[in-house]
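Contents: one structure, followed by commentary.
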Amino acid sequence: MERTGRDDRSGPAGRGGGTRSVRGDHGPVRFGPPAPDPGLPVLPELAEVLAAAAGRGAPEPTGGGDVLRRAATAYWARRGLHGGPEHIAAAPGASPLLLALIAAHGGDVLLPRPCTATWIPQARLLGSPAYQVPTPAECGGVPDPYALLETIRRVRAEGGRPRLLLISVVDDPTATVAPPELVREACEAAVAEGLHVVSDETWRDTLHRPHDTVLLSPAEMCPDDVTVLCDLAGALTPSAWPVAIARFPDTGRGAVHHARTLDVLTALGALVAVPVAAAAAHALLGPDAVADRVRRSATLHARVAGAAHRAVLASGALARPPQAGRHLYADLGPLRSGLADRGVTDSLELEEYLTERLGTPTPGGHRFGDDLAALRVRLGTGALVGTTPEQQLESLAAERPLELPHVAGALGRFEAALADLR
């Protein structure tokens, strides 16, 4: 069990144990890493919808307007989660929405290790204790059930109040998909101990092999005890148009937490911009152009991530095979000697070194609550598909994108940077 508190220096600006002071121009939240970039231009159909709504002057209500919330219910209904728009809340991005959810539930927060980079900062901002629980060897995003129960016991023995478990069945940073039996065991253990589960399903529409991967939402297993969160920037909308949605249980407690969440969003002034809401609602309804972009993007990043994974293994480093998203999570521990020769001894230095070497944000494992001494890093694939809209669209349309000169060149530079570390 590891508690991540307000004085913890394991974030992006410091080291565990306080062996390095925080730089004056760096803070643990302000310099958090961006989500993995798709490396693709905005879908023209969505741009047209957003532009058409630009003249509307009335703001969206807190939690999203009726059109956006009904579109969200349709989105989840197509994925087997039914319910009415009264159980939906929207916000301008996942961070304010998660902040509101944590505040609405109160108490201590439990989360897997490693975890999404924004989770620990949200708990820090509220002053809520956050305890990380190890994940099993086969995947990230969901804690080991036995370690979870032991952590809950220890937290309570220390006088804590564990209330909330955050998980991501399709995970950032590890790009893995948790098997249904693990999800069931972890969620049932949490619910039996009185915890509510927030399931971040931002990346569920980015599966690399959707017909071969079994994905089960915790809300299908424990419908009365799970709130589902989705940042549409995962697959549906550009990250520059922030919007995220949450689906609450159809219970009395769910209604209370929904109302509390809206209270916090109101206090924050966290309203979705009207043009963004229009584009998001359109995307959530799954029109052909959006569905085609989602499918093609997932296929492209599956191929590029597969090539990147092979390059990581060829260098002597380790990584789980990526199953979703636009990234993979590599452990460069086997290359420690070569990295030490270059002055790289921890994940903070590894981040700085590879970001400069690869020319793209390459956040170290400390950003995700991982051990600072471990040489782990999230490697994005967005920069490998092209540097111009023309190249990116060519990659998207190609049957063999790895053979395109700009993709092959980017992968070659990626491979060389890793091979040079041996």
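For the structure tokens, the naming scheme is as follows: chains receive sequential letters (A, B, ...) according to their order of presentation, residues are indexed from 1 within each chain, and ligands are indexed from 1 in presentation order.
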Requested in this report: If you run DSSP over the backbone, which residues in region 293-421 of chain A end up helix (DSSP H, G or I)? Put them as a PyMOL selection string.
Outcome: chain A and resi 293-314+333-341+347-358+365-368+382-384+389-397+401-403+405-419
Residues from the last selection, C-alpha atoms, saved as a PDB file, in the first residue's frame:
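Listing of part.pdb after writing:
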ATOM      1  CA  ARG A 293     -12.821   7.525 -38.296  1.00  0.00           C
ATOM      2  CA  VAL A 294     -12.867   5.684 -34.955  1.00  0.00           C
ATOM      3  CA  ARG A 295     -12.417   2.319 -36.655  1.00  0.00           C
ATOM      4  CA  ARG A 296      -9.664   3.474 -39.015  1.00  0.00           C
ATOM      5  CA  SER A 297      -7.816   5.306 -36.252  1.00  0.00           C
ATOM      6  CA  ALA A 298      -7.833   2.239 -33.998  1.00  0.00           C
ATOM      7  CA  THR A 299      -6.569   0.064 -36.854  1.00  0.00           C
ATOM      8  CA  LEU A 300      -3.793   2.519 -37.722  1.00  0.00           C
ATOM      9  CA  HIS A 301      -2.576   2.861 -34.154  1.00  0.00           C
ATOM     10  CA  ALA A 302      -2.762  -0.915 -33.661  1.00  0.00           C
ATOM     11  CA  ARG A 303      -0.280  -1.390 -36.504  1.00  0.00           C
ATOM     12  CA  VAL A 304       2.015   1.431 -35.460  1.00  0.00           C
ATOM     13  CA  ALA A 305       1.907   0.430 -31.787  1.00  0.00           C
ATOM     14  CA  GLY A 306       2.683  -3.150 -32.774  1.00  0.00           C
ATOM     15  CA  ALA A 307       5.778  -1.979 -34.649  1.00  0.00           C
ATOM     16  CA  ALA A 308       6.799   0.244 -31.713  1.00  0.00           C
ATOM     17  CA  HIS A 309       6.347  -2.689 -29.339  1.00  0.00           C
ATOM     18  CA  ARG A 310       8.616  -4.859 -31.472  1.00  0.00           C
ATOM     19  CA  ALA A 311      11.230  -2.099 -31.424  1.00  0.00           C
ATOM     20  CA  VAL A 312      11.049  -1.889 -27.632  1.00  0.00           C
ATOM     21  CA  LEU A 313      11.563  -5.636 -27.254  1.00  0.00           C
ATOM     22  CA  ALA A 314      14.377  -5.640 -29.818  1.00  0.00           C
ATOM     23  CA  GLY A 333      15.116  -1.351 -16.552  1.00  0.00           C
ATOM     24  CA  PRO A 334      17.135  -3.920 -18.543  1.00  0.00           C
ATOM     25  CA  LEU A 335      18.919  -0.973 -20.195  1.00  0.00           C
ATOM     26  CA  ARG A 336      19.833   0.681 -16.891  1.00  0.00           C
ATOM     27  CA  SER A 337      23.586   0.417 -17.398  1.00  0.00           C
ATOM     28  CA  GLY A 338      23.534   2.131 -20.799  1.00  0.00           C
ATOM     29  CA  LEU A 339      21.159   4.783 -19.533  1.00  0.00           C
ATOM     30  CA  ALA A 340      23.341   5.465 -16.489  1.00  0.00           C
ATOM     31  CA  ASP A 341      26.237   6.156 -18.850  1.00  0.00           C
ATOM     32  CA  SER A 347      12.105   7.990 -14.649  1.00  0.00           C
ATOM     33  CA  LEU A 348      12.303  11.790 -14.385  1.00  0.00           C
ATOM     34  CA  GLU A 349      15.663  11.825 -16.123  1.00  0.00           C
ATOM     35  CA  LEU A 350      14.420   9.194 -18.565  1.00  0.00           C
ATOM     36  CA  GLU A 351      11.470  11.420 -19.465  1.00  0.00           C
ATOM     37  CA  GLU A 352      13.737  14.388 -20.115  1.00  0.00           C
ATOM     38  CA  TYR A 353      16.197  12.327 -22.142  1.00  0.00           C
ATOM     39  CA  LEU A 354      13.652  10.564 -24.387  1.00  0.00           C
ATOM     40  CA  THR A 355      11.477  13.639 -24.845  1.00  0.00           C
ATOM     41  CA  GLU A 356      14.483  15.447 -26.255  1.00  0.00           C
ATOM     42  CA  ARG A 357      15.698  12.444 -28.227  1.00  0.00           C
ATOM     43  CA  LEU A 358      12.318  11.538 -29.752  1.00  0.00           C
ATOM     44  CA  GLY A 365       6.378   6.423 -14.915  1.00  0.00           C
ATOM     45  CA  HIS A 366       6.517   8.827 -11.943  1.00  0.00           C
ATOM     46  CA  ARG A 367       3.759  10.800 -13.713  1.00  0.00           C
ATOM     47  CA  PHE A 368       1.468   7.816 -13.248  1.00  0.00           C
ATOM     48  CA  GLY A 382       0.615   9.701 -32.547  1.00  0.00           C
ATOM     49  CA  ALA A 383       3.921  11.262 -33.622  1.00  0.00           C
ATOM     50  CA  LEU A 384       4.714   8.196 -35.761  1.00  0.00           C
ATOM     51  CA  PRO A 389      -2.437  16.698 -41.997  1.00  0.00           C
ATOM     52  CA  GLU A 390      -1.674  15.323 -45.469  1.00  0.00           C
ATOM     53  CA  GLN A 391       0.684  12.671 -44.122  1.00  0.00           C
ATOM     54  CA  GLN A 392      -1.700  11.772 -41.320  1.00  0.00           C
ATOM     55  CA  LEU A 393      -4.657  11.290 -43.666  1.00  0.00           C
ATOM     56  CA  GLU A 394      -2.466   9.247 -45.996  1.00  0.00           C
ATOM     57  CA  SER A 395      -1.555   6.998 -43.075  1.00  0.00           C
ATOM     58  CA  LEU A 396      -5.204   6.698 -42.103  1.00  0.00           C
ATOM     59  CA  ALA A 397      -6.238   5.589 -45.599  1.00  0.00           C
ATOM     60  CA  PRO A 401       0.739   2.315 -43.380  1.00  0.00           C
ATOM     61  CA  LEU A 402       4.060   0.960 -42.093  1.00  0.00           C
ATOM     62  CA  GLU A 403       5.367   1.000 -45.661  1.00  0.00           C
ATOM     63  CA  PRO A 405       7.999   6.674 -46.244  1.00  0.00           C
ATOM     64  CA  HIS A 406       7.054   9.088 -43.463  1.00  0.00           C
ATOM     65  CA  VAL A 407       5.839   6.299 -41.156  1.00  0.00           C
ATOM     66  CA  ALA A 408       8.800   4.051 -41.924  1.00  0.00           C
ATOM     67  CA  GLY A 409      11.160   6.973 -41.329  1.00  0.00           C
ATOM     68  CA  ALA A 410       9.572   7.852 -37.987  1.00  0.00           C
ATOM     69  CA  LEU A 411       9.673   4.220 -36.864  1.00  0.00           C
ATOM     70  CA  GLY A 412      13.293   3.981 -37.968  1.00  0.00           C
ATOM     71  CA  ARG A 413      14.242   6.965 -35.810  1.00  0.00           C
ATOM     72  CA  PHE A 414      12.263   5.502 -32.926  1.00  0.00           C
ATOM     73  CA  GLU A 415      14.047   2.154 -33.248  1.00  0.00           C
ATOM     74  CA  ALA A 416      17.451   3.829 -33.495  1.00  0.00           C
ATOM     75  CA  ALA A 417      16.856   5.902 -30.364  1.00  0.00           C
ATOM     76  CA  LEU A 418      16.056   2.773 -28.376  1.00  0.00           C
ATOM     77  CA  ALA A 419      18.785   0.635 -29.904  1.00  0.00           C
TER      78      ALA A 419
END
**Report entry** Surrounding residues of Leu332 (chain A) excluding itself and chain neighbours under 4 positions, 9 Å, only C-alpha atoms, as number ranges by chain
**Finding:** A: 312, 316-319, 336, 339, 374-377
Using N, CA, C and O atoms, can you export the residues from the last selection as an mmCIF file, in the first residue's frame?
data_model
loop_
_atom_site.group_PDB
_atom_site.id
_atom_site.type_symbol
_atom_site.label_atom_id
_atom_site.label_comp_id
_atom_site.auth_asym_id
_atom_site.auth_seq_id
_atom_site.Cartn_x
_atom_site.Cartn_y
_atom_site.Cartn_z
ATOM 1 N N VAL A 312 10.728 -1.911 -29.055
ATOM 2 C CA VAL A 312 11.049 -1.889 -27.632
ATOM 3 C C VAL A 312 11.667 -3.215 -27.216
ATOM 4 O O VAL A 312 12.705 -3.266 -26.537
ATOM 5 N N GLY A 316 15.885 -4.707 -26.018
ATOM 6 C CA GLY A 316 16.157 -5.357 -24.751
ATOM 7 C C GLY A 316 15.280 -4.876 -23.622
ATOM 8 O O GLY A 316 15.353 -5.392 -22.501
ATOM 9 N N ALA A 317 14.431 -3.874 -23.874
ATOM 10 C CA ALA A 317 13.488 -3.376 -22.870
ATOM 11 C C ALA A 317 12.249 -4.263 -22.832
ATOM 12 O O ALA A 317 12.096 -5.189 -23.639
ATOM 13 N N LEU A 318 11.336 -3.958 -21.925
ATOM 14 C CA LEU A 318 10.136 -4.766 -21.722
ATOM 15 C C LEU A 318 8.892 -3.912 -21.911
ATOM 16 O O LEU A 318 8.898 -2.707 -21.648
ATOM 17 N N ALA A 319 7.811 -4.530 -22.357
ATOM 18 C CA ALA A 319 6.524 -3.845 -22.462
ATOM 19 C C ALA A 319 5.440 -4.892 -22.695
ATOM 20 O O ALA A 319 5.663 -5.876 -23.415
ATOM 21 N N ARG A 336 19.411 -0.270 -17.924
ATOM 22 C CA ARG A 336 19.833 0.681 -16.891
ATOM 23 C C ARG A 336 21.304 1.076 -17.017
ATOM 24 O O ARG A 336 21.666 2.240 -16.832
ATOM 25 N N LEU A 339 21.794 3.510 -19.867
ATOM 26 C CA LEU A 339 21.159 4.783 -19.533
ATOM 27 C C LEU A 339 21.976 5.535 -18.483
ATOM 28 O O LEU A 339 22.118 6.765 -18.550
ATOM 29 N N ALA A 374 12.169 3.329 -10.896
ATOM 30 C CA ALA A 374 11.951 2.417 -12.019
ATOM 31 C C ALA A 374 12.067 3.189 -13.329
ATOM 32 O O ALA A 374 11.585 4.321 -13.440
ATOM 33 N N LEU A 375 12.667 2.605 -14.326
ATOM 34 C CA LEU A 375 12.877 3.275 -15.606
ATOM 35 C C LEU A 375 11.733 2.951 -16.553
ATOM 36 O O LEU A 375 11.905 2.268 -17.577
ATOM 37 N N ARG A 376 10.549 3.454 -16.214
ATOM 38 C CA ARG A 376 9.356 3.197 -17.031
ATOM 39 C C ARG A 376 8.908 4.488 -17.696
ATOM 40 O O ARG A 376 9.072 5.585 -17.155
ATOM 41 N N VAL A 377 8.300 4.332 -18.881
ATOM 42 C CA VAL A 377 7.944 5.496 -19.680
ATOM 43 C C VAL A 377 6.774 5.152 -20.586
ATOM 44 O O VAL A 377 6.632 4.011 -21.041
#
Report task. Using only C-alpha atoms, pick whichever of A:Arg326, A:His257, A:Arg247, A:His282 has the shortest atom-to-atom distance to Val170 (chain A). Result ->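 Checking each of A:Arg326, A:His257, A:Arg247, A:His282 against Val170 (chain A), counting only C-alpha atoms, the winner is A:Arg326.
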Could you produce a table of the residues of region 267-343 of chain A lying within 9 Å of region 41-48 of chain A, with the nearest pair of atoms per residue and their separation in Å rounded to one decimal, using only C-alpha atoms, ordered by chain and increasing residue number, as CSV?
residue,atom,partner,partner_atom,distance
A:Ala278,CA,A:Leu46,CA,8.9
A:Ala279,CA,A:Leu46,CA,5.6
A:Ala280,CA,A:Leu46,CA,8.2
A:His282,CA,A:Leu46,CA,7.5
A:Ala283,CA,A:Leu46,CA,7.3
A:Ala289,CA,A:Glu45,CA,7.3
A:Val290,CA,A:Leu43,CA,7.7
A:Arg293,CA,A:Leu43,CA,7.7
**Report entry** Spatial neighbours of region 106-113 of chain A, 6 Å, only C-alpha atoms, chain gap at least 2 places, as number ranges by chain
**Finding:** A: 103-104, 115, 128-134, 141-143, 161-166
Query raised in the report: Near region 228-237 of chain A, counting only C-alpha atoms, which residues have an atom at most 6 Å away, once you skip same-chain residues fewer than 5 positions from it, shown as a list in words?
Result: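 The residues satisfying every condition are Ala94, Val198, Ser199, Asp200, Glu201, Thr202, Trp203, Ala244, Ile245, Ala246 and Arg247 of chain A.
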Can those selected residues be exported to a file as a PDB file, in the first residue's frame so that it contains N, CA and C atoms?
ATOM      1  N   ALA A  94     -12.258  15.590 -18.607  1.00  0.00           N
ATOM      2  CA  ALA A  94     -12.318  14.564 -17.571  1.00  0.00           C
ATOM      3  C   ALA A  94     -11.840  15.069 -16.216  1.00  0.00           C
ATOM      4  N   VAL A 198     -15.598   4.097  -9.643  1.00  0.00           N
ATOM      5  CA  VAL A 198     -15.645   4.957 -10.823  1.00  0.00           C
ATOM      6  C   VAL A 198     -14.834   4.266 -11.909  1.00  0.00           C
ATOM      7  N   SER A 199     -15.496   3.906 -12.987  1.00  0.00           N
ATOM      8  CA  SER A 199     -14.861   3.200 -14.092  1.00  0.00           C
ATOM      9  C   SER A 199     -14.593   4.179 -15.227  1.00  0.00           C
ATOM     10  N   ASP A 200     -13.320   4.500 -15.442  1.00  0.00           N
ATOM     11  CA  ASP A 200     -12.929   5.382 -16.528  1.00  0.00           C
ATOM     12  C   ASP A 200     -12.826   4.559 -17.810  1.00  0.00           C
ATOM     13  N   GLU A 201     -13.739   4.785 -18.734  1.00  0.00           N
ATOM     14  CA  GLU A 201     -13.798   4.001 -19.975  1.00  0.00           C
ATOM     15  C   GLU A 201     -13.510   4.873 -21.193  1.00  0.00           C
ATOM     16  N   THR A 202     -12.618   5.832 -20.981  1.00  0.00           N
ATOM     17  CA  THR A 202     -12.235   6.768 -22.037  1.00  0.00           C
ATOM     18  C   THR A 202     -11.734   6.057 -23.289  1.00  0.00           C
ATOM     19  N   TRP A 203     -10.992   4.959 -23.108  1.00  0.00           N
ATOM     20  CA  TRP A 203     -10.297   4.327 -24.232  1.00  0.00           C
ATOM     21  C   TRP A 203     -11.019   3.091 -24.778  1.00  0.00           C
ATOM     22  N   ALA A 244     -16.343  15.696 -21.329  1.00  0.00           N
ATOM     23  CA  ALA A 244     -16.388  14.358 -20.750  1.00  0.00           C
ATOM     24  C   ALA A 244     -17.780  14.134 -20.188  1.00  0.00           C
ATOM     25  N   ILE A 245     -18.175  12.872 -20.111  1.00  0.00           N
ATOM     26  CA  ILE A 245     -19.510  12.532 -19.631  1.00  0.00           C
ATOM     27  C   ILE A 245     -19.404  11.463 -18.542  1.00  0.00           C
ATOM     28  N   ALA A 246     -20.366  11.469 -17.642  1.00  0.00           N
ATOM     29  CA  ALA A 246     -20.437  10.468 -16.583  1.00  0.00           C
ATOM     30  C   ALA A 246     -21.854   9.903 -16.534  1.00  0.00           C
ATOM     31  N   ARG A 247     -21.938   8.615 -16.299  1.00  0.00           N
ATOM     32  CA  ARG A 247     -23.215   7.909 -16.177  1.00  0.00           C
ATOM     33  C   ARG A 247     -23.338   7.389 -14.748  1.00  0.00           C
TER      34      ARG A 247
END
Query - Length of the CA of Asp370 (chain A) to CA of Arg422 (chain A) vector [Å] - result: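 Calculated distance between CA of Asp370 (chain A) and CA of Arg422 (chain A) is 23.2 Å.
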